[in-house]
Amino acid sequence: MALIVHKYGGTSMGSTERIRQVAKRVAKWARAGHQMVVVPSAMSGETNRLLGLANELAPAKQSPASLRELDLIAATGEQVSVGLLALALQAEGQPAVSYAGWQVPIRTDSAYTKARISSIDGVRVRAELARGCVVIITGFQGIDDLGHVTTLGRGGSDTSAVAVAAALKADECLIYTDVDGVYTTDPRIVPEARRMAKVSFEEMLEMASLGSKVLQIRSVEFAGKYRVPLRVLSSFTPWDIPLAEEAASGTLITFEEDDTMEQAVVSGIAFNRDEAKVTVVGVPDKPGIAYQILGAVADANIDIDVIVQNVSHGGRTDFSFTVHRNDYARTIELLKDHVAPATGAAEVTGDAKICKVSIVGIGMRSHVGVAAKMFRTLAEEGINIQMVTTSEIKTSVVIDEKYMELAVRALHKAFELEQVPAL
Ligand code: ADP
Ligand code: ASP
Ligand code: MG
């Protein structure tokens, strides 16, 4: 008998009929003798609908007070899901009980709309499991020290599931979604993309951090920190396929590099449309200037990603960086109102229609010329590279958003990702 955590995404919970299928699948696992904890997302479209309602009433700047309300509103989507799934399981003759994050409790910090989990109390969950119940816990949310409901950022149910699995020392965490595993790139963009039977933890971490939405980055971080066995698989297979077959399907996130693993130089391609570029033009090129600009941005709690400082001409230089698109207007305003006057910069410009495309692969550590091949491929397609950033196992470029799909397809082909790599 094992303790297993299942997570079901929005599409998998998208209708009462889909929820019935989830219940049948979970009941199958429970009947096989496993203790089951299930973490569902809100029904597909529901979180967007809820945030849309909020936006109709308060489209302006988001204050800390309004962010608190957004979390209370958005968290209701998952509360509906857990209750419905508990009813569906009970209808299958399987005892089940649902819990909101605050009831467990799942404790978080107070960073509304992007809170981090700090601890999970497993006592109530264990007691429910011991009396034979399937325990269903809301994804995406928790409670802070003052008792306010918080949410974990979009896609946060993945993180809830892995964190619950870590806290309960579960034997495995299975992420059921609308694709049958992790692919070399988003199969919606490149139909030839290939499912990987295994992907290393490090590569998954990069892919998630660079925009592959199949797993939220923090869920991968949790899996690494607590060594949670993690698998991504389809919720669209018939619920009654043999359990052993289901348990071995999809993509396993592995922590050890072994000889039998696929050894591609580049394993996957990620892309991110959520960023915007800002440039502070004509700042004096002197010590402390980067701190003056980026320090002010960091103090405003705005995350910075790619940074480029150009060579200086006549003692002045241009300084560019990217931020989340949601923070774009706020960043431009801050730079114009405070940073430009303080530094003597000539101008502040920006471009929200950019995207970041990245190639990822452990093999890049031991191969040269990979970035050059990426640049050549983009050049052949006539795509201009605006910014570049690299680390040991990835190279990212910032390009015009309108070339994103073209770039991803061309790179997927150039690195032959549709073919199974030779061992
Ligand atoms: P869920 O609602 O189950 O959490 P998401 O929409 O958050 O599902 O994540 C699944 C989606 O992630 C897929 O439908 C796919 O379009 C997208 N995706 C992006 N990159 C990848 C990738 N490398 N492999 C598989 N899916 C990917
Ligand atoms: N329902 C939330 C969202 O849409 C969380 C999740 O699905 O993981 O972002
Ligand atoms: Mg998701």
# chains A, B, ... in the order shown; residues from 1 in each chain; ligands from 1
$ residues_near_ligand --ligand "ligand 1" --cutoff "7 Å" --atoms "only C-alpha atoms and all ligand atoms" --output "list of chain:residue names"
A:Tyr8, A:Gly9, A:Gly10, A:Thr11, A:Ser12, A:Ser44, A:Gly155, A:Asp158, A:Tyr176, A:Thr177, A:Asp178, A:Val179, A:Gly181, A:Val182, A:Tyr183, A:Thr184, A:Thr185, A:Asp186, A:Pro187, A:Arg188, A:Ser212, A:Lys213, A:Val214, A:Leu215, A:Gly268, A:Ala270
$ closest_atom_pairs --of "region 85-204 of chain A" --to "region 399-409 of chain A" --cutoff "10 Å" --atoms "only C-alpha atoms" --output "Markdown table"
| residue | atom | partner | partner_atom | distance |
| --- | --- | --- | --- | --- |
| A:Thr185 | CA | A:Val408 | CA | 8.2 |
| A:Asp186 | CA | A:Val408 | CA | 9.3 |
| A:Ile189 | CA | A:Glu405 | CA | 6.6 |
| A:Val190 | CA | A:Arg409 | CA | 6.0 |
| A:Pro191 | CA | A:Arg409 | CA | 9.3 |
| A:Glu192 | CA | A:Arg409 | CA | 9.1 |
| A:Ala193 | CA | A:Arg409 | CA | 9.3 |
$ residues_around --residues "region 68-79 of chain A" --least-positions-apart "6" --cutoff "8 Å" --atoms "only C-alpha atoms" --output "PyMOL selection string"
chain A and resi 40-43+46-47+50-51+54+100+112-113+138-141+148-151
$ residues_around --residues "Thr317 (chain A)" --least-positions-apart "3" --cutoff "9 Å" --atoms "only C-alpha atoms" --output "list in words"
Val280, Val281, Gly282, Val283, Pro284, Asp285, Gln309, Asn310, Val311, Ser312, His313 and Gly314 of chain A
$ residues_around --residues "Ile269 (chain A)" --least-positions-apart "5" --cutoff "8 Å" --atoms "only C-alpha atoms" --output "list in words"
Thr184, Thr185, Met207, Val357, Ser358, Ile359, Val360, Val408, Leu411 and His412 of chain A
$ select_by_dssp --residues "region 75-276 of chain A" --states "helix (DSSP H, G or I)" --output "ChimeraX atom specification"
/A:76-91,101-103,123-130,157-167,201-209,217-226,243-247
$ closest_residue --among "A:Gln35, A:Thr279, A:Thr322, A:Asn48" --to "Glu128 (chain A)" --atoms "only C-alpha atoms"
A:Gln35
$ closest_residue --among "A:Cys173, A:Val164, A:Ala410, A:Val297" --to "Lys373 (chain A)" --atoms "only C-alpha atoms"
A:Ala410
$ atom_distance --atom1 "CA of Met196 (chain A)" --atom2 "CA of Ser267 (chain A)"
9.0 Å
$ residues_around --residues "Asp351 (chain A)" --least-positions-apart "5" --cutoff "12 Å" --atoms "only C-alpha atoms" --output "list in words"
Glu275, Ala276, Lys277, Val278, Thr279, Ser320, Phe321, Thr322, Val323, His324, Arg325, Tyr328, Ala329, Thr331, Ile332, Gln386, Val398, Ile399, Asp400 and Glu401 of chain A
$ write_last_selection --atoms "all heavy atoms" --output "short mmCIF file (atom, residue, chain, number, x, y, z; two decimals), in the first residue's frame"
data_model
loop_
_atom_site.label_atom_id
_atom_site.label_comp_id
_atom_site.auth_asym_id
_atom_site.auth_seq_id
_atom_site.Cartn_x
_atom_site.Cartn_y
_atom_site.Cartn_z
N GLU A 275 6.87 38.51 -20.94
CA GLU A 275 7.82 39.54 -20.53
C GLU A 275 7.72 40.78 -21.42
O GLU A 275 7.12 40.76 -22.48
CB GLU A 275 9.26 38.98 -20.59
CG GLU A 275 9.47 37.91 -19.52
CD GLU A 275 10.90 37.44 -19.39
OE1 GLU A 275 11.84 38.17 -19.76
OE2 GLU A 275 11.08 36.31 -18.90
N ALA A 276 8.30 41.86 -20.93
CA ALA A 276 8.37 43.11 -21.69
C ALA A 276 9.76 43.69 -21.48
O ALA A 276 10.39 43.45 -20.45
CB ALA A 276 7.31 44.09 -21.21
N LYS A 277 10.23 44.46 -22.48
CA LYS A 277 11.60 45.01 -22.41
C LYS A 277 11.53 46.51 -22.12
O LYS A 277 10.72 47.22 -22.70
CB LYS A 277 12.28 44.77 -23.75
CG LYS A 277 13.73 45.19 -23.78
CD LYS A 277 14.38 44.80 -25.11
CE LYS A 277 14.10 45.84 -26.18
NZ LYS A 277 14.94 45.69 -27.38
N VAL A 278 12.39 46.96 -21.24
CA VAL A 278 12.49 48.42 -21.02
C VAL A 278 13.95 48.83 -21.18
O VAL A 278 14.86 48.05 -20.91
CB VAL A 278 11.99 48.83 -19.60
CG1 VAL A 278 10.51 48.61 -19.47
CG2 VAL A 278 12.74 48.09 -18.51
N THR A 279 14.16 50.05 -21.65
CA THR A 279 15.52 50.55 -21.86
C THR A 279 15.65 51.95 -21.27
O THR A 279 14.80 52.81 -21.50
CB THR A 279 15.85 50.61 -23.37
OG1 THR A 279 15.69 49.30 -23.92
CG2 THR A 279 17.29 51.07 -23.60
N SER A 320 19.28 47.96 -20.73
CA SER A 320 17.98 47.32 -21.00
C SER A 320 17.77 46.13 -20.09
O SER A 320 18.73 45.44 -19.73
CB SER A 320 17.91 46.81 -22.44
OG SER A 320 18.05 47.85 -23.35
N PHE A 321 16.53 45.86 -19.76
CA PHE A 321 16.21 44.63 -19.02
C PHE A 321 14.76 44.26 -19.28
O PHE A 321 13.99 45.06 -19.83
CB PHE A 321 16.49 44.78 -17.52
CG PHE A 321 15.80 45.93 -16.86
CD1 PHE A 321 14.58 45.74 -16.21
CD2 PHE A 321 16.35 47.20 -16.87
CE1 PHE A 321 13.94 46.79 -15.58
CE2 PHE A 321 15.71 48.27 -16.26
CZ PHE A 321 14.51 48.06 -15.61
N THR A 322 14.41 43.02 -18.90
CA THR A 322 13.03 42.59 -19.09
C THR A 322 12.36 42.39 -17.73
O THR A 322 13.01 42.06 -16.75
CB THR A 322 12.92 41.27 -19.91
OG1 THR A 322 13.54 40.22 -19.18
CG2 THR A 322 13.58 41.40 -21.27
N VAL A 323 11.04 42.62 -17.72
CA VAL A 323 10.22 42.42 -16.53
C VAL A 323 8.96 41.66 -16.96
O VAL A 323 8.70 41.52 -18.16
CB VAL A 323 9.79 43.76 -15.87
CG1 VAL A 323 11.00 44.51 -15.35
CG2 VAL A 323 8.99 44.62 -16.85
N HIS A 324 8.19 41.19 -16.01
CA HIS A 324 6.92 40.55 -16.35
C HIS A 324 6.01 41.60 -17.00
O HIS A 324 6.02 42.76 -16.60
CB HIS A 324 6.25 39.99 -15.10
CG HIS A 324 5.16 39.01 -15.42
ND1 HIS A 324 3.90 39.40 -15.81
CD2 HIS A 324 5.16 37.66 -15.43
CE1 HIS A 324 3.16 38.33 -16.05
NE2 HIS A 324 3.90 37.26 -15.82
N ARG A 325 5.23 41.17 -18.00
CA ARG A 325 4.37 42.13 -18.71
C ARG A 325 3.38 42.84 -17.78
O ARG A 325 3.04 44.00 -18.00
CB ARG A 325 3.61 41.42 -19.82
CG ARG A 325 4.04 41.91 -21.17
CD ARG A 325 3.28 41.24 -22.26
NE ARG A 325 4.23 40.69 -23.21
CZ ARG A 325 3.90 40.27 -24.40
NH1 ARG A 325 2.65 40.29 -24.79
NH2 ARG A 325 4.82 39.80 -25.20
N TYR A 328 4.95 45.92 -16.55
CA TYR A 328 5.55 46.80 -17.57
C TYR A 328 5.22 48.28 -17.32
O TYR A 328 6.10 49.13 -17.20
CB TYR A 328 5.08 46.35 -18.95
CG TYR A 328 5.55 47.21 -20.10
CD1 TYR A 328 6.91 47.35 -20.37
CD2 TYR A 328 4.63 47.87 -20.93
CE1 TYR A 328 7.35 48.12 -21.43
CE2 TYR A 328 5.07 48.64 -21.99
CZ TYR A 328 6.42 48.77 -22.24
OH TYR A 328 6.85 49.54 -23.29
N ALA A 329 3.92 48.58 -17.20
CA ALA A 329 3.50 49.98 -17.07
C ALA A 329 4.10 50.59 -15.79
O ALA A 329 4.60 51.72 -15.80
CB ALA A 329 1.97 50.06 -17.03
N THR A 331 6.82 49.69 -14.28
CA THR A 331 8.27 49.85 -14.41
C THR A 331 8.60 51.12 -15.20
O THR A 331 9.47 51.91 -14.80
CB THR A 331 8.89 48.62 -15.12
OG1 THR A 331 8.43 47.45 -14.46
CG2 THR A 331 10.41 48.66 -15.08
N ILE A 332 7.90 51.31 -16.32
CA ILE A 332 8.14 52.50 -17.15
C ILE A 332 7.88 53.77 -16.32
O ILE A 332 8.67 54.72 -16.34
CB ILE A 332 7.21 52.49 -18.40
CG1 ILE A 332 7.59 51.35 -19.33
CG2 ILE A 332 7.21 53.84 -19.11
CD1 ILE A 332 8.71 51.63 -20.32
N GLN A 386 17.43 40.44 -30.00
CA GLN A 386 17.56 41.71 -29.27
C GLN A 386 18.41 41.57 -28.01
O GLN A 386 19.09 42.50 -27.60
CB GLN A 386 16.17 42.23 -28.88
CG GLN A 386 15.26 42.42 -30.08
CD GLN A 386 13.88 42.89 -29.67
OE1 GLN A 386 13.67 43.40 -28.58
NE2 GLN A 386 12.91 42.72 -30.55
N VAL A 398 15.93 37.05 -26.67
CA VAL A 398 14.72 37.88 -26.70
C VAL A 398 14.55 38.35 -28.14
O VAL A 398 15.49 38.88 -28.75
CB VAL A 398 14.87 39.08 -25.75
CG1 VAL A 398 13.72 40.07 -25.93
CG2 VAL A 398 14.92 38.60 -24.29
N ILE A 399 13.35 38.09 -28.69
CA ILE A 399 13.07 38.46 -30.08
C ILE A 399 11.68 39.11 -30.15
O ILE A 399 10.93 39.10 -29.18
CB ILE A 399 13.10 37.22 -31.03
CG1 ILE A 399 12.06 36.18 -30.58
CG2 ILE A 399 14.49 36.61 -31.08
CD1 ILE A 399 11.88 35.02 -31.56
N ASP A 400 11.36 39.63 -31.33
CA ASP A 400 10.03 40.19 -31.57
C ASP A 400 8.98 39.08 -31.40
O ASP A 400 9.15 37.99 -31.94
CB ASP A 400 10.01 40.74 -33.01
CG ASP A 400 8.76 41.55 -33.30
OD1 ASP A 400 7.69 41.22 -32.75
OD2 ASP A 400 8.86 42.52 -34.07
N GLU A 401 7.92 39.40 -30.69
CA GLU A 401 6.89 38.40 -30.39
C GLU A 401 6.31 37.76 -31.65
O GLU A 401 5.97 36.59 -31.65
CB GLU A 401 5.77 39.08 -29.59
CG GLU A 401 4.71 38.17 -29.11
CD GLU A 401 3.53 38.96 -28.55
OE1 GLU A 401 3.02 39.87 -29.22
OE2 GLU A 401 3.13 38.67 -27.43
#
$ closest_residue --among "A:Arg49, A:Arg154, A:His6, A:Lys114" --to "ligand 2" --atoms "only C-alpha atoms and all ligand atoms"
A:Arg154
$ residues_around --residues "Arg365 (chain A)" --least-positions-apart "6" --cutoff "10 Å" --atoms "only C-alpha atoms" --output "PyMOL selection string"
chain A and resi 265+391-394
$ select_by_dssp --residues "region 196-366 of chain A" --states "strand (DSSP E or B)" --output "PyMOL selection string"
chain A and resi 198-200+230-234+251-254+268-272+275-284+304-309+313+316-324+347-351+354-360
$ write_last_selection --atoms "C-alpha atoms" --output "mmCIF file, in the first residue's frame"
data_model
loop_
_atom_site.group_PDB
_atom_site.id
_atom_site.type_symbol
_atom_site.label_atom_id
_atom_site.label_comp_id
_atom_site.auth_asym_id
_atom_site.auth_seq_id
_atom_site.Cartn_x
_atom_site.Cartn_y
_atom_site.Cartn_z
ATOM 1 C CA LYS A 198 12.078 10.728 -18.789
ATOM 2 C CA VAL A 199 13.417 14.211 -18.262
ATOM 3 C CA SER A 200 16.095 15.187 -15.772
ATOM 4 C CA LEU A 230 7.066 13.177 -9.921
ATOM 5 C CA ARG A 231 5.316 12.097 -13.126
ATOM 6 C CA VAL A 232 3.289 14.031 -15.717
ATOM 7 C CA LEU A 233 0.600 11.986 -17.477
ATOM 8 C CA SER A 234 -2.730 12.207 -19.296
ATOM 9 C CA THR A 251 7.003 11.446 -18.316
ATOM 10 C CA LEU A 252 9.030 10.734 -15.197
ATOM 11 C CA ILE A 253 11.122 13.556 -13.730
ATOM 12 C CA THR A 254 14.381 11.831 -12.756
ATOM 13 C CA GLY A 268 13.787 20.953 -25.235
ATOM 14 C CA ILE A 269 12.664 24.399 -26.310
ATOM 15 C CA ALA A 270 10.751 26.755 -24.064
ATOM 16 C CA PHE A 271 9.178 30.110 -24.787
ATOM 17 C CA ASN A 272 7.687 32.891 -22.770
ATOM 18 C CA GLU A 275 7.823 39.544 -20.535
ATOM 19 C CA ALA A 276 8.372 43.111 -21.694
ATOM 20 C CA LYS A 277 11.595 45.006 -22.407
ATOM 21 C CA VAL A 278 12.488 48.417 -21.015
ATOM 22 C CA THR A 279 15.518 50.546 -21.856
ATOM 23 C CA VAL A 280 17.018 53.458 -19.999
ATOM 24 C CA VAL A 281 18.728 55.439 -22.763
ATOM 25 C CA GLY A 282 21.872 57.536 -22.295
ATOM 26 C CA VAL A 283 22.768 56.936 -18.669
ATOM 27 C CA PRO A 284 26.218 58.058 -17.463
ATOM 28 C CA ILE A 304 13.957 41.472 -13.358
ATOM 29 C CA ASP A 305 14.989 38.831 -15.858
ATOM 30 C CA VAL A 306 17.371 39.407 -18.782
ATOM 31 C CA ILE A 307 19.770 42.357 -18.382
ATOM 32 C CA VAL A 308 21.951 43.967 -21.069
ATOM 33 C CA GLN A 309 24.249 46.957 -20.734
ATOM 34 C CA HIS A 313 29.874 56.161 -26.248
ATOM 35 C CA ARG A 316 26.981 57.335 -21.799
ATOM 36 C CA THR A 317 25.342 53.962 -22.297
ATOM 37 C CA ASP A 318 21.954 52.270 -22.733
ATOM 38 C CA PHE A 319 20.718 49.854 -20.120
ATOM 39 C CA SER A 320 17.976 47.325 -20.995
ATOM 40 C CA PHE A 321 16.213 44.634 -19.022
ATOM 41 C CA THR A 322 13.028 42.590 -19.094
ATOM 42 C CA VAL A 323 10.217 42.417 -16.526
ATOM 43 C CA HIS A 324 6.918 40.555 -16.352
ATOM 44 C CA GLU A 347 15.047 58.825 -22.177
ATOM 45 C CA VAL A 348 13.103 55.722 -21.128
ATOM 46 C CA THR A 349 11.709 53.442 -23.851
ATOM 47 C CA GLY A 350 10.022 50.071 -23.841
ATOM 48 C CA ASP A 351 8.548 47.244 -25.900
ATOM 49 C CA ILE A 354 8.705 40.689 -27.218
ATOM 50 C CA CYS A 355 9.175 37.048 -26.305
ATOM 51 C CA LYS A 356 11.951 34.897 -24.959
ATOM 52 C CA VAL A 357 12.840 31.641 -26.694
ATOM 53 C CA SER A 358 15.227 29.223 -24.972
ATOM 54 C CA ILE A 359 17.010 25.991 -25.794
ATOM 55 C CA VAL A 360 17.645 23.696 -22.825
#
$ atom_distance --atom1 "CA of Ala167 (chain A)" --atom2 "CA of Ile217 (chain A)"
18.1 Å
